[in-house]
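For reference, the structure is listed below as structure tokens.
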Amino acid sequence: MSTQRHFQVAMRVRAWKSRLRHHLAMAAPLNFQAGSHGDAIAGSTLEDAGLGLAASWPLGDLLVYPPIWLAITAWFVGAWARRWPQRSVARRIYQASWLAGSLLVCLHIVASYGHVHHWSHAEVLAATADESQRVTGIRAAWGVYVNFAFALIWLGYSTAMIRHRGALPGWDRWVFGFTAMIVFFATIVFEPGTVRWASAFGFTALAIAAWKDTRKKRQE
């Protein structure tokens with residue numbers, strides 16, 4: 001490969017990394033500078049691990065932010081798959097994606113407590129109240145317990161679906177509605193940028209699909 005070709009490839013990789021960092025920064029309040037979280041992770045970064053990423057993410061951030069992004073993605077995947085309860089593949093996707101998503105939410109909560117709030121429940125309550133004040137004008141910390149309920153209900157129902165090999169009649173609609181409400185507020189009301197627009201697209205697609213499904217059933 002010629003020197004000019006090497007230079008072109010290097011410039012493309014650099015531009016791709018720059019765009020990636022920009023989109024991730026819009027999705028969550030990440031700080032891409034190594035050591036930005038003090039001694040919380042004793043300087044352990046992806047760069048220290050030998051992966052050579054320019055972003056140099058602290059390993060603690062990797063346990064806080066990517067899991068919640070993946071969990072929300074898994075929720076939407078499962079929400080889409082639940083439209084076809086008669087199809088075995090769709091049922092398995094629904095069960096597996098929701099179980100994975102609920103476990104990732106639990107990981108996110110535990111990692112946030114340890115890495116961001118240093119195992120201080122009082123600090124978690126204060127941070128939640130500050131965020132509520134900023135977004136809604138109401139200083140309220142009870143959102144912490146709503147998050148706990150969300151994680152436990154989602155995990156419990158996902159586990160039950162795996163055990164019973166399918167959705168539970170009478171519970172499925174209730175759990176879906178509750179988790180949808182939490183995901184909506186978490187991603188659209190409280191999050192800016194890429195996360196908000198991606199979630200808005202996901203909810204719009206689900207709403208249109210639900211409308212079409214209802215219309216089709218009425219015509220049958």
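By order of appearance in the structure tokens: chains A, B, ..., then residues from 1 within every chain, and ligands from 1 in the order shown.
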Long-range neighbours of A:Ser97 as JSON, numbers by chain, 6 Å cut-off, only C-alpha atoms, 4 positions minimum in chain = {"A": [74, 78, 93, 101]}
Deliver the residues from the most recent selection as a file, using C-alpha atoms, as a JSON list (two decimals), in the first residue's frame.
[["chain", "number", "residue", "atom", "x", "y", "z"],
["A", 74, "ALA", "CA", -32.98, -4.47, 23.95],
["A", 78, "GLY", "CA", -38.36, -6.98, 22.58],
["A", 93, "ILE", "CA", -36.33, -12.77, 20.66],
["A", 101, "GLY", "CA", -31.90, -5.71, 28.82]]
Residues within 7 Å of stretch 145-155 of chain A, only C-alpha atoms, excluding chain neighbours under 5 positions, as an MDAnalysis selection string | chainID A and resid 99 102:103 105:106 179
Write a file of the just-selected residues containing N, CA and C atoms, as a PDB file, in the first residue's frame.
ATOM      1  N   LEU A  99     -34.697 -10.186  28.805  1.00  0.00           N
ATOM      2  CA  LEU A  99     -33.878 -10.681  29.913  1.00  0.00           C
ATOM      3  C   LEU A  99     -32.509 -10.012  29.890  1.00  0.00           C
ATOM      4  N   SER A 102     -32.889  -6.287  30.960  1.00  0.00           N
ATOM      5  CA  SER A 102     -33.125  -6.089  32.393  1.00  0.00           C
ATOM      6  C   SER A 102     -31.858  -6.348  33.202  1.00  0.00           C
ATOM      7  N   LEU A 103     -31.067  -7.323  32.798  1.00  0.00           N
ATOM      8  CA  LEU A 103     -29.796  -7.576  33.483  1.00  0.00           C
ATOM      9  C   LEU A 103     -28.826  -6.413  33.278  1.00  0.00           C
ATOM     10  N   VAL A 105     -29.680  -3.293  32.825  1.00  0.00           N
ATOM     11  CA  VAL A 105     -30.145  -2.189  33.667  1.00  0.00           C
ATOM     12  C   VAL A 105     -29.647  -2.366  35.097  1.00  0.00           C
ATOM     13  N   CYS A 106     -29.719  -3.592  35.592  1.00  0.00           N
ATOM     14  CA  CYS A 106     -29.217  -3.859  36.950  1.00  0.00           C
ATOM     15  C   CYS A 106     -27.720  -3.573  37.039  1.00  0.00           C
ATOM     16  N   THR A 179     -43.083  -0.342  31.752  1.00  0.00           N
ATOM     17  CA  THR A 179     -41.705  -0.167  31.281  1.00  0.00           C
ATOM     18  C   THR A 179     -41.634   0.842  30.135  1.00  0.00           C
TER      19      THR A 179
END
Can you work out which one of A:Ala141, A:Ser199, A:Arg134, A:Thr214 has the shortest atom-to-atom distance to A:Ala186, counting only C-alpha atoms?
-> A:Ser199
Test item: residues at most 10 Å from A:Gly166, only C-alpha atoms, excluding those fewer than 4 positions along its chain, as a list in words =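 Once the nearby chain positions are removed, what remains is Arg82, Pro85, Gln86, Ser88, Arg91, Arg92, Tyr94, Gln95, Ser158, Ala160, Met161, Ile162 and Asp172 of chain A.
If you measure from each of A:Val135, A:Ala200, A:Ala140, A:Ala127 to A:Ala180 using only C-alpha atoms, the closest one turns out to be A:Ala200.
Of the listed residues A:His164, A:His108, A:His121, A:Lys216, the one whose atoms come nearest to A:Val64 is A:His108, with distances taken using only C-alpha atoms.
Atom CA of A:Val175 lies 19.8 Å from atom CA of A:Ile109.
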Do a neighbour search on A:Trp69 at 12 Å with only C-alpha atoms, toss out local chain neighbours closer than 2 positions, and write the hits as a CSV table (one decimal) with C-alpha atoms, in the first residue's frame.
chain,number,residue,atom,x,y,z
A,24,LEU,CA,-21.6,9.4,22.2
A,27,ALA,CA,-26.0,10.6,24.1
A,28,ALA,CA,-24.7,10.8,27.7
A,62,LEU,CA,-17.9,1.2,30.3
A,63,LEU,CA,-19.9,-0.4,33.1
A,64,VAL,CA,-22.2,2.7,33.5
A,65,TYR,CA,-23.1,4.0,30.1
A,66,PRO,CA,-22.9,1.3,27.4
A,67,PRO,CA,-25.0,-1.1,29.5
A,71,ALA,CA,-30.6,-2.1,27.7
A,72,ILE,CA,-32.8,0.5,26.0
A,73,THR,CA,-32.0,-1.0,22.6
A,74,ALA,CA,-33.0,-4.5,23.9
A,75,TRP,CA,-36.3,-3.1,25.3
A,76,PHE,CA,-37.2,-1.8,21.8
A,101,GLY,CA,-31.9,-5.7,28.8
A,102,SER,CA,-33.1,-6.1,32.4
A,104,LEU,CA,-28.0,-4.7,31.8
A,105,VAL,CA,-30.1,-2.2,33.7
A,107,LEU,CA,-25.5,-3.7,36.0
A,108,HIS,CA,-26.0,0.0,35.1
A,183,VAL,CA,-38.2,4.3,29.0
A,186,ALA,CA,-35.8,8.4,30.7
A,187,THR,CA,-34.9,8.7,27.1
A,191,GLU,CA,-32.2,12.9,27.7
A,194,THR,CA,-29.1,11.4,19.9
A,195,VAL,CA,-30.8,9.3,22.6
A,196,ARG,CA,-33.9,11.5,22.5
A,198,ALA,CA,-33.5,7.6,18.4
A,199,SER,CA,-36.1,6.8,21.1
Of the residues A:Leu168, A:Gly143, A:Trp197, A:Ala126, which is the one nearest to A:Ile182, using only C-alpha atoms?
-> A:Gly143
